[in-house]
Amino acid sequence: MVSYRYLAVWERAPAKVKWSVLMKLSMRWLALGLLLAGAVQAQTSEEEELEALLALLDEETEIATQTRLNADYVPGVVTVLRGEDVAALGARHVLDALALVPGIEALRDDIGNATLRVRGIDYFENSGQVKVLVNGLSYARETAGQNGSVMLMPIELVDRIEVIRGPGSEVYGDFAFAGLVNILTKEDRSLAFAQGGGGGLRSAGVNLSHESGEDFRINLGLARFAADDLEAATTTSIADEERYFGHFNLYYNDFSFKVSAVDRSAIQSGRGNVLRPREDEGLAAELRYRWTLGADVQMQSWLNYADNDMQNNNTLFFAGSRRELGSSATWRRGKHRFLAQASYGRRDYESRILPPPPPPPGGPPPPPGPPAVARELTDRDRTVASASLQDEIELGSVTLTLGARYDWLEGIDQRITPRLAAVWRINDQHALKTQYTEGFRSGTAGAENFRNQINDQLDYEVMRTAELQYIYRRPETSFKATLYAAEVDDRHQVDPSLGAPPISVNFGTVDSHGIELEWWRQFGTRWRALANVSFQDTDAQGNLTTIDGPSFAQAEWLANLGLIATPTEQWTFGAHLNRVGERTILDGEKLGGYTELNLNASYRPSWAEGLEFRGTARNALDSDVTYVFFLPPGNVRQLAYDERRLSLEVIWGW
């Protein structure tokens with residue numbers, strides 16, 4: 001009860017004082033009310049935040065050991081990119097997303113073919129010597145010496161992308177040389193999309209998923225892309241492109257059947273307005289059965305098939321296929337978890353390399369080097385076989401992984417690929433990983449043959465890599481620091497001194513070492529930021545046709561900065577800043593780097609559940625973007641990709 005003495009004082013107080021006291025009391029009661037309401041809201045927000053953060057931590061992958069583990073605890077350096085995140089940062093297809101991975105430079109050649117440069121080691125062919133899978137299926141296009149168009153799959157079909165930086169041959173064999181990419185399509189969401197944009201862009205697709213209980217799942221995805229002005233170097237005058245993607249996944253009890261296909265055609269007019277067509281068709285299929293042998297042994301058997309057909313620039317024709325039958329077993333004994341697998345298969349190809357067409361009158365002279373001579377390689381059918389054994393040993397907070405794989409390629413080479421890795425989970429926040437492993441690759445169709453005979457003097461090219469990674473992880477933040485050192489031995493190089501047609505030989509080494517720093521931070525449920533920077537120092541020794549020294553075309557510094565904001569339930573904004581540092585060309589000459597800004601805005605109207613409108617601007621600031629390739633024997637190609645690309649898209653999901 002209020003004292004009469006205080007009431008008397010209140011009655012005698014001036015009006016100004018009364019007003020001041022009332023204002024202070026009102027503000028205090030208002031603050032108290034907001035505090036109580038905020039406490040209720042905070043409880044709801046904290047629950048939403050915790051749910052979102054736990055979802056981000058649930059990044060399990062089988063890519064490193066074929067046994068499911070959290071990505072932080074698998075051996076080696078593994079990155080998992082979520083399709084929804086990279087789309088929010090402006091990625092249109094898988095290649096755009098891979099630029100976000102530390103140590104990886106995503107590139108396009110003059111006709112828009114996709115390739116990668118990993119840790120500064122330059123390979124123009126075969127996707128940068130990175131093996132590319134879709135839902136675990138390899139397209140086996142590596143032997144063609146051509147880059148796979150599957151990396152241009154639209155991001156709308158992608159659930160996540162798993163990336164190994166460094167060799168993956170101990171698990172995946174030939175051509176998992178500098179890294180491995182596994183593209184996993186959406187299997188639990190149905191959607192349809194349509195897109196239009198600059199350059200006559202027209203794109204559409206659908207992804208259909210159905211599940212019946214725990215025993216039956218089915219998924220089908222189809223997409224088409226067409227453009228009157230494909231993403232090619234700005235020096236092109238004609239650049240038409242059309243590409244199709246499709247995948248089908250069926251799971252029934254212990255059986256699974258998967259099919260994935262790509263078809264890309266492009267016509268470009270390059271120097272001298274010479275039309276340069278490109279055709280690329282690929283198909284991969286697998287039938288797999290899983291069962292239990294006894295009480296402890298989990299078994300798998302599979303039969304897969306892959307077929308490729310390529311034509312490039314009226315000079316290279318390739319057709320080939322691969323068939324493989326394999327089986328694996330996983331079992332536990334005390335602290336040990338064993339994985340054993342074996343496979344047997346056949347691969348064949350038919351290839352022709354023709355002299356390039358003569359330049360038109362008044363056109364530029366042909367590039368230096370030995371002239372191309374017509375070659376035909378017909379019905380090269382070879383047996384491939386492999387066997388491997390892996391042991392994961394749990395020693396308290398430390399897990400050791402010991403493995404070895406034997407590979408044999410008929411008429412070419414055989415080898416054993418080792419792996420030794422350790423993961424130390426110091427506590428819930430800190431972990432250390434270290435690994436030594438190797439990668440290898442056989443030659444392409446052209447390198448493996450000489451004058452229509454098997455080039456049996458060509459051994460596997462081998463990469464030896466040691467890595468050390470520190471991981472700091474909290475529910476709302478993550479930091480990773482990686483040190484690595486790699487050495488490439490028995491390089492495959494064309495020796496022009498041996499006459500024409502050119503022959504590939506094993507000669508020289510490449511040394512690379514560097515550091516990769518990654519940071520990620522979640523601010524509540526509305527904001528997310530990521531940043532990474534990588535430095536790689538690469539030197540080539542024993543070049544046949546060029547001066548020894550820094551690896552040409554490599555950028556020593558790569559960096560990314562990304563921000564995703566969801567200020568309301570309806571709006572999401574994303575920005576991605578990609579920095580590629582200066583590169584060495586020839587004779588010590590330097591080419592400046594570039595900075596590319598990509599923007600994205602998405603709107604989900606409250607009146608239509610599942611509907612989304614998305615606008616994307618690639619290279620929003622119209623920066624000077626130049627890709628650089630080193631082409632033996634001693635040529636450097638600089639390609640300008642400095643056009644701004646705008647697109648609008650409608651997505652409906654259910």
# chains A, B, ... in the order shown; residues from 1 in each chain; ligands from 1
>>> residues_around(residues="Ser327 (chain A)", least_positions_apart="5", cutoff="8 Å", atoms="only C-alpha atoms", output="list in words")
Met299, Gln300, Ser301, Trp302, Gln341, Ala342 and Ser343 of chain A
>>> closest_atom_pairs(of="region 160-227 of chain A", to="region 241-251 of chain A", cutoff="10 Å", atoms="only C-alpha atoms", output="tab-separated table")
residue	atom	partner	partner_atom	distance
A:Thr185	CA	A:His247	CA	8.2
A:Glu187	CA	A:Asn249	CA	8.1
A:Leu201	CA	A:Glu241	CA	9.5
A:Arg202	CA	A:Glu242	CA	9.5
A:Ser203	CA	A:Arg243	CA	9.5
A:Ala204	CA	A:Tyr244	CA	9.9
A:Gly205	CA	A:Phe245	CA	9.0
A:Val206	CA	A:Gly246	CA	9.6
A:Asn207	CA	A:His247	CA	9.2
A:Leu208	CA	A:Phe248	CA	9.6
A:Ser209	CA	A:Asn249	CA	9.3
A:His210	CA	A:Leu250	CA	9.9
A:Glu211	CA	A:Tyr251	CA	9.4
A:Glu214	CA	A:Tyr251	CA	9.7
A:Asp215	CA	A:Tyr251	CA	7.3
A:Phe216	CA	A:Tyr251	CA	5.6
A:Arg217	CA	A:Tyr251	CA	5.1
A:Ile218	CA	A:Leu250	CA	4.6
A:Asn219	CA	A:Asn249	CA	5.1
A:Leu220	CA	A:Phe248	CA	4.6
A:Gly221	CA	A:His247	CA	5.2
A:Leu222	CA	A:Gly246	CA	4.4
A:Ala223	CA	A:Phe245	CA	5.2
A:Arg224	CA	A:Tyr244	CA	4.6
A:Phe225	CA	A:Arg243	CA	5.2
A:Ala226	CA	A:Glu242	CA	4.4
A:Ala227	CA	A:Glu241	CA	5.4
>>> closest_atom_pairs(of="region 100-215 of chain A", to="region 79-90 of chain A", cutoff="7 Å", atoms="only C-alpha atoms", output="Markdown table")
| residue | atom | partner | partner_atom | distance |
| --- | --- | --- | --- | --- |
| A:Ile155 | CA | A:Gly83 | CA | 6.4 |
| A:Val158 | CA | A:Gly83 | CA | 5.4 |
| A:Asp159 | CA | A:Gly83 | CA | 4.9 |
| A:Arg160 | CA | A:Arg82 | CA | 4.3 |
| A:Ile161 | CA | A:Leu81 | CA | 5.0 |
| A:Glu162 | CA | A:Val80 | CA | 4.6 |
| A:Val163 | CA | A:Thr79 | CA | 5.1 |
| A:Ile164 | CA | A:Thr79 | CA | 6.6 |
>>> write_last_selection(atoms="all heavy atoms", output="mmCIF file, in the first residue's frame")
data_model
loop_
_atom_site.group_PDB
_atom_site.id
_atom_site.type_symbol
_atom_site.label_atom_id
_atom_site.label_comp_id
_atom_site.auth_asym_id
_atom_site.auth_seq_id
_atom_site.Cartn_x
_atom_site.Cartn_y
_atom_site.Cartn_z
ATOM 1 N N ILE A 155 22.194 -26.146 -60.851
ATOM 2 C CA ILE A 155 22.259 -26.286 -59.394
ATOM 3 C C ILE A 155 20.885 -26.639 -58.822
ATOM 4 O O ILE A 155 20.795 -27.175 -57.699
ATOM 5 C CB ILE A 155 22.807 -24.984 -58.772
ATOM 6 C CG1 ILE A 155 23.451 -25.280 -57.411
ATOM 7 C CG2 ILE A 155 21.726 -23.924 -58.667
ATOM 8 C CD1 ILE A 155 24.694 -26.117 -57.497
ATOM 9 N N VAL A 158 20.699 -30.210 -57.719
ATOM 10 C CA VAL A 158 21.773 -30.682 -56.848
ATOM 11 C C VAL A 158 21.381 -30.550 -55.388
ATOM 12 O O VAL A 158 20.975 -29.474 -54.932
ATOM 13 C CB VAL A 158 23.075 -29.895 -57.132
ATOM 14 C CG1 VAL A 158 24.173 -30.313 -56.158
ATOM 15 C CG2 VAL A 158 23.516 -30.121 -58.571
ATOM 16 N N ASP A 159 21.520 -31.643 -54.643
ATOM 17 C CA ASP A 159 21.323 -31.607 -53.195
ATOM 18 C C ASP A 159 22.590 -31.148 -52.492
ATOM 19 O O ASP A 159 22.557 -30.242 -51.664
ATOM 20 C CB ASP A 159 20.910 -32.982 -52.687
ATOM 21 C CG ASP A 159 20.753 -33.015 -51.178
ATOM 22 O OD1 ASP A 159 19.863 -32.320 -50.666
ATOM 23 O OD2 ASP A 159 21.523 -33.733 -50.512
ATOM 24 N N ARG A 160 23.726 -31.766 -52.817
ATOM 25 C CA ARG A 160 25.009 -31.330 -52.264
ATOM 26 C C ARG A 160 26.143 -31.825 -53.168
ATOM 27 O O ARG A 160 25.957 -32.704 -54.011
ATOM 28 C CB ARG A 160 25.196 -31.829 -50.831
ATOM 29 C CG ARG A 160 25.321 -33.330 -50.661
ATOM 30 C CD ARG A 160 25.381 -33.681 -49.173
ATOM 31 N NE ARG A 160 25.705 -35.081 -48.936
ATOM 32 C CZ ARG A 160 24.823 -36.076 -48.943
ATOM 33 N NH1 ARG A 160 23.554 -35.816 -49.199
ATOM 34 N NH2 ARG A 160 25.201 -37.316 -48.711
ATOM 35 N N ILE A 161 27.311 -31.246 -52.953
ATOM 36 C CA ILE A 161 28.515 -31.587 -53.713
ATOM 37 C C ILE A 161 29.600 -31.924 -52.709
ATOM 38 O O ILE A 161 29.919 -31.116 -51.837
ATOM 39 C CB ILE A 161 28.966 -30.414 -54.608
ATOM 40 C CG1 ILE A 161 27.813 -29.936 -55.498
ATOM 41 C CG2 ILE A 161 30.167 -30.817 -55.454
ATOM 42 C CD1 ILE A 161 28.080 -28.609 -56.168
ATOM 43 N N GLU A 162 30.168 -33.115 -52.821
ATOM 44 C CA GLU A 162 31.239 -33.555 -51.934
ATOM 45 C C GLU A 162 32.556 -33.490 -52.706
ATOM 46 O O GLU A 162 32.651 -33.984 -53.827
ATOM 47 C CB GLU A 162 30.976 -34.982 -51.454
ATOM 48 C CG GLU A 162 29.647 -35.127 -50.736
ATOM 49 C CD GLU A 162 29.323 -36.563 -50.387
ATOM 50 O OE1 GLU A 162 29.844 -37.488 -51.046
ATOM 51 O OE2 GLU A 162 28.543 -36.773 -49.439
ATOM 52 N N VAL A 163 33.556 -32.888 -52.091
ATOM 53 C CA VAL A 163 34.819 -32.625 -52.778
ATOM 54 C C VAL A 163 35.985 -33.125 -51.933
ATOM 55 O O VAL A 163 36.064 -32.819 -50.733
ATOM 56 C CB VAL A 163 35.001 -31.117 -53.060
ATOM 57 C CG1 VAL A 163 36.273 -30.878 -53.874
ATOM 58 C CG2 VAL A 163 33.784 -30.553 -53.792
ATOM 59 N N ILE A 164 36.872 -33.894 -52.553
ATOM 60 C CA ILE A 164 38.164 -34.238 -51.947
ATOM 61 C C ILE A 164 39.231 -33.391 -52.616
ATOM 62 O O ILE A 164 39.362 -33.391 -53.849
ATOM 63 C CB ILE A 164 38.512 -35.727 -52.142
ATOM 64 C CG1 ILE A 164 37.565 -36.613 -51.328
ATOM 65 C CG2 ILE A 164 39.942 -36.010 -51.712
ATOM 66 C CD1 ILE A 164 37.832 -38.096 -51.511
#
>>> residues_around(residues="region 569-572 of chain A", least_positions_apart="3", cutoff="7 Å", atoms="only C-alpha atoms", output="list in words")
Ala565, Thr566, Ala601, Ser602, Tyr603, Arg604, Pro605 and Ser606 of chain A
>>> select_by_dssp(residues="region 97-166 of chain A", states="helix (DSSP H, G or I)", output="count of residues only")
16
>>> atom_distance(atom1="CA of Ala261 (chain A)", atom2="CA of Trp408 (chain A)")
27.8 Å
>>> select_by_dssp(residues="region 398-591 of chain A", states="strand (DSSP E)", output="PyMOL selection string")
chain A and resi 398-409+413-425+430-441+449-450+453-454+461-474+477-489+492-495+503-506+509-523+527-541+549-550+557-565+571-580+583-584+590-591
>>> atom_distance(atom1="CA of Tyr472 (chain A)", atom2="CA of Trp519 (chain A)")
9.5 Å
>>> residues_around(residues="Ala485 (chain A)", least_positions_apart="3", cutoff="8 Å", atoms="only C-alpha atoms", output="PyMOL selection string")
chain A and resi 465-467+511-514
>>> residues_around(residues="Leu646 (chain A)", least_positions_apart="2", cutoff="10 Å", atoms="only C-alpha atoms", output="ChimeraX atom specification")
/A:196-199,201,599-600,615-620,643-644,648
>>> write_last_selection(atoms="C-alpha atoms", output="mmCIF file, in the first residue's frame")
data_model
loop_
_atom_site.group_PDB
_atom_site.id
_atom_site.type_symbol
_atom_site.label_atom_id
_atom_site.label_comp_id
_atom_site.auth_asym_id
_atom_site.auth_seq_id
_atom_site.Cartn_x
_atom_site.Cartn_y
_atom_site.Cartn_z
ATOM 1 C CA GLY A 196 15.617 -16.908 -68.803
ATOM 2 C CA GLY A 197 18.412 -14.407 -69.156
ATOM 3 C CA GLY A 198 21.032 -12.631 -71.218
ATOM 4 C CA GLY A 199 22.563 -14.273 -74.260
ATOM 5 C CA LEU A 201 19.343 -18.112 -72.102
ATOM 6 C CA LEU A 599 24.697 -11.588 -56.475
ATOM 7 C CA ASN A 600 21.431 -13.391 -55.870
ATOM 8 C CA GLY A 615 17.297 -13.253 -59.751
ATOM 9 C CA THR A 616 21.041 -13.787 -60.300
ATOM 10 C CA ALA A 617 23.828 -11.516 -61.517
ATOM 11 C CA ARG A 618 27.128 -13.194 -62.360
ATOM 12 C CA ASN A 619 30.091 -10.812 -62.541
ATOM 13 C CA ALA A 620 27.746 -8.056 -61.417
ATOM 14 C CA GLU A 643 30.611 -10.146 -69.536
ATOM 15 C CA ARG A 644 27.920 -9.579 -66.915
ATOM 16 C CA LEU A 648 15.528 -14.550 -63.762
#
>>> closest_residue(among="A:Gly610, A:Gly562, A:Gly508, A:Gly581", to="Val625 (chain A)", atoms="only C-alpha atoms")
A:Gly581
>>> closest_residue(among="A:Glu286, A:Glu476, A:Glu487, A:Glu556", to="Trp520 (chain A)", atoms="only C-alpha atoms")
A:Glu476
>>> closest_residue(among="A:Gln469, A:Ser397, A:Ser256, A:Asn135", to="Thr434 (chain A)", atoms="only C-alpha atoms")
A:Gln469
>>> closest_residue(among="A:Thr444, A:Ser321, A:Ile111, A:Arg579", to="Asp240 (chain A)", atoms="only C-alpha atoms")
A:Ile111
>>> closest_residue(among="A:Val462, A:Asp254, A:Gln268, A:Ala319", to="Trp291 (chain A)", atoms="only C-alpha atoms")
A:Asp254
>>> closest_atom_pairs(of="region 169-212 of chain A", to="region 452-461 of chain A", cutoff="10 Å", atoms="only C-alpha atoms", output="Markdown table")
| residue | atom | partner | partner_atom | distance |
| --- | --- | --- | --- | --- |
| A:Asp174 | CA | A:Tyr460 | CA | 9.1 |
| A:Phe175 | CA | A:Glu461 | CA | 9.6 |
| A:Phe177 | CA | A:Glu461 | CA | 8.8 |
>>> write_last_selection(atoms="all heavy atoms", output="mmCIF file, in the first residue's frame")
data_model
loop_
_atom_site.group_PDB
_atom_site.id
_atom_site.type_symbol
_atom_site.label_atom_id
_atom_site.label_comp_id
_atom_site.auth_asym_id
_atom_site.auth_seq_id
_atom_site.Cartn_x
_atom_site.Cartn_y
_atom_site.Cartn_z
ATOM 1 N N ASP A 174 41.964 -45.114 -60.758
ATOM 2 C CA ASP A 174 42.542 -44.336 -61.842
ATOM 3 C C ASP A 174 41.820 -43.005 -62.033
ATOM 4 O O ASP A 174 40.601 -42.920 -61.975
ATOM 5 C CB ASP A 174 42.458 -45.162 -63.134
ATOM 6 C CG ASP A 174 43.406 -44.660 -64.210
ATOM 7 O OD1 ASP A 174 44.123 -43.668 -63.962
ATOM 8 O OD2 ASP A 174 43.435 -45.269 -65.297
ATOM 9 N N PHE A 175 42.614 -41.949 -62.240
ATOM 10 C CA PHE A 175 42.180 -40.593 -62.553
ATOM 11 C C PHE A 175 41.613 -39.832 -61.358
ATOM 12 O O PHE A 175 41.263 -38.668 -61.500
ATOM 13 C CB PHE A 175 41.176 -40.566 -63.712
ATOM 14 C CG PHE A 175 41.812 -40.835 -65.043
ATOM 15 C CD1 PHE A 175 41.627 -42.049 -65.670
ATOM 16 C CD2 PHE A 175 42.606 -39.888 -65.660
ATOM 17 C CE1 PHE A 175 42.219 -42.317 -66.882
ATOM 18 C CE2 PHE A 175 43.200 -40.135 -66.880
ATOM 19 C CZ PHE A 175 43.009 -41.360 -67.496
ATOM 20 N N PHE A 177 43.152 -38.281 -59.300
ATOM 21 C CA PHE A 177 44.572 -37.943 -59.249
ATOM 22 C C PHE A 177 44.832 -36.732 -58.364
ATOM 23 O O PHE A 177 45.555 -36.798 -57.378
ATOM 24 C CB PHE A 177 45.052 -37.706 -60.679
ATOM 25 C CG PHE A 177 46.488 -37.315 -60.815
ATOM 26 C CD1 PHE A 177 47.482 -38.257 -60.610
ATOM 27 C CD2 PHE A 177 46.848 -36.035 -61.169
ATOM 28 C CE1 PHE A 177 48.817 -37.913 -60.749
ATOM 29 C CE2 PHE A 177 48.169 -35.682 -61.311
ATOM 30 C CZ PHE A 177 49.153 -36.619 -61.099
#
>>> closest_atom_pairs(of="region 73-170 of chain A", to="region 412-430 of chain A", cutoff="7 Å", atoms="only C-alpha atoms", output="Markdown table")
| residue | atom | partner | partner_atom | distance |
| --- | --- | --- | --- | --- |
| A:Tyr73 | CA | A:Val423 | CA | 6.4 |
| A:Pro75 | CA | A:Ala421 | CA | 5.9 |
| A:Glu170 | CA | A:Thr417 | CA | 5.7 |
>>> write_last_selection(atoms="N, CA and C atoms", output="short mmCIF file (atom, residue, chain, number, x, y, z; two decimals), in the first residue's frame")
data_model
loop_
_atom_site.label_atom_id
_atom_site.label_comp_id
_atom_site.auth_asym_id
_atom_site.auth_seq_id
_atom_site.Cartn_x
_atom_site.Cartn_y
_atom_site.Cartn_z
N TYR A 73 35.43 -35.63 -39.61
CA TYR A 73 36.18 -36.73 -39.02
C TYR A 73 36.62 -37.78 -40.04
N PRO A 75 39.10 -39.16 -43.01
CA PRO A 75 40.48 -38.87 -43.38
C PRO A 75 40.54 -37.95 -44.60
N GLU A 170 43.18 -44.22 -53.67
CA GLU A 170 43.16 -45.41 -52.81
C GLU A 170 41.75 -45.96 -52.69
#
>>> closest_residue(among="A:Ile651, A:Leu325, A:Ala555, A:Leu402", to="Thr626 (chain A)", atoms="only C-alpha atoms")
A:Ala555
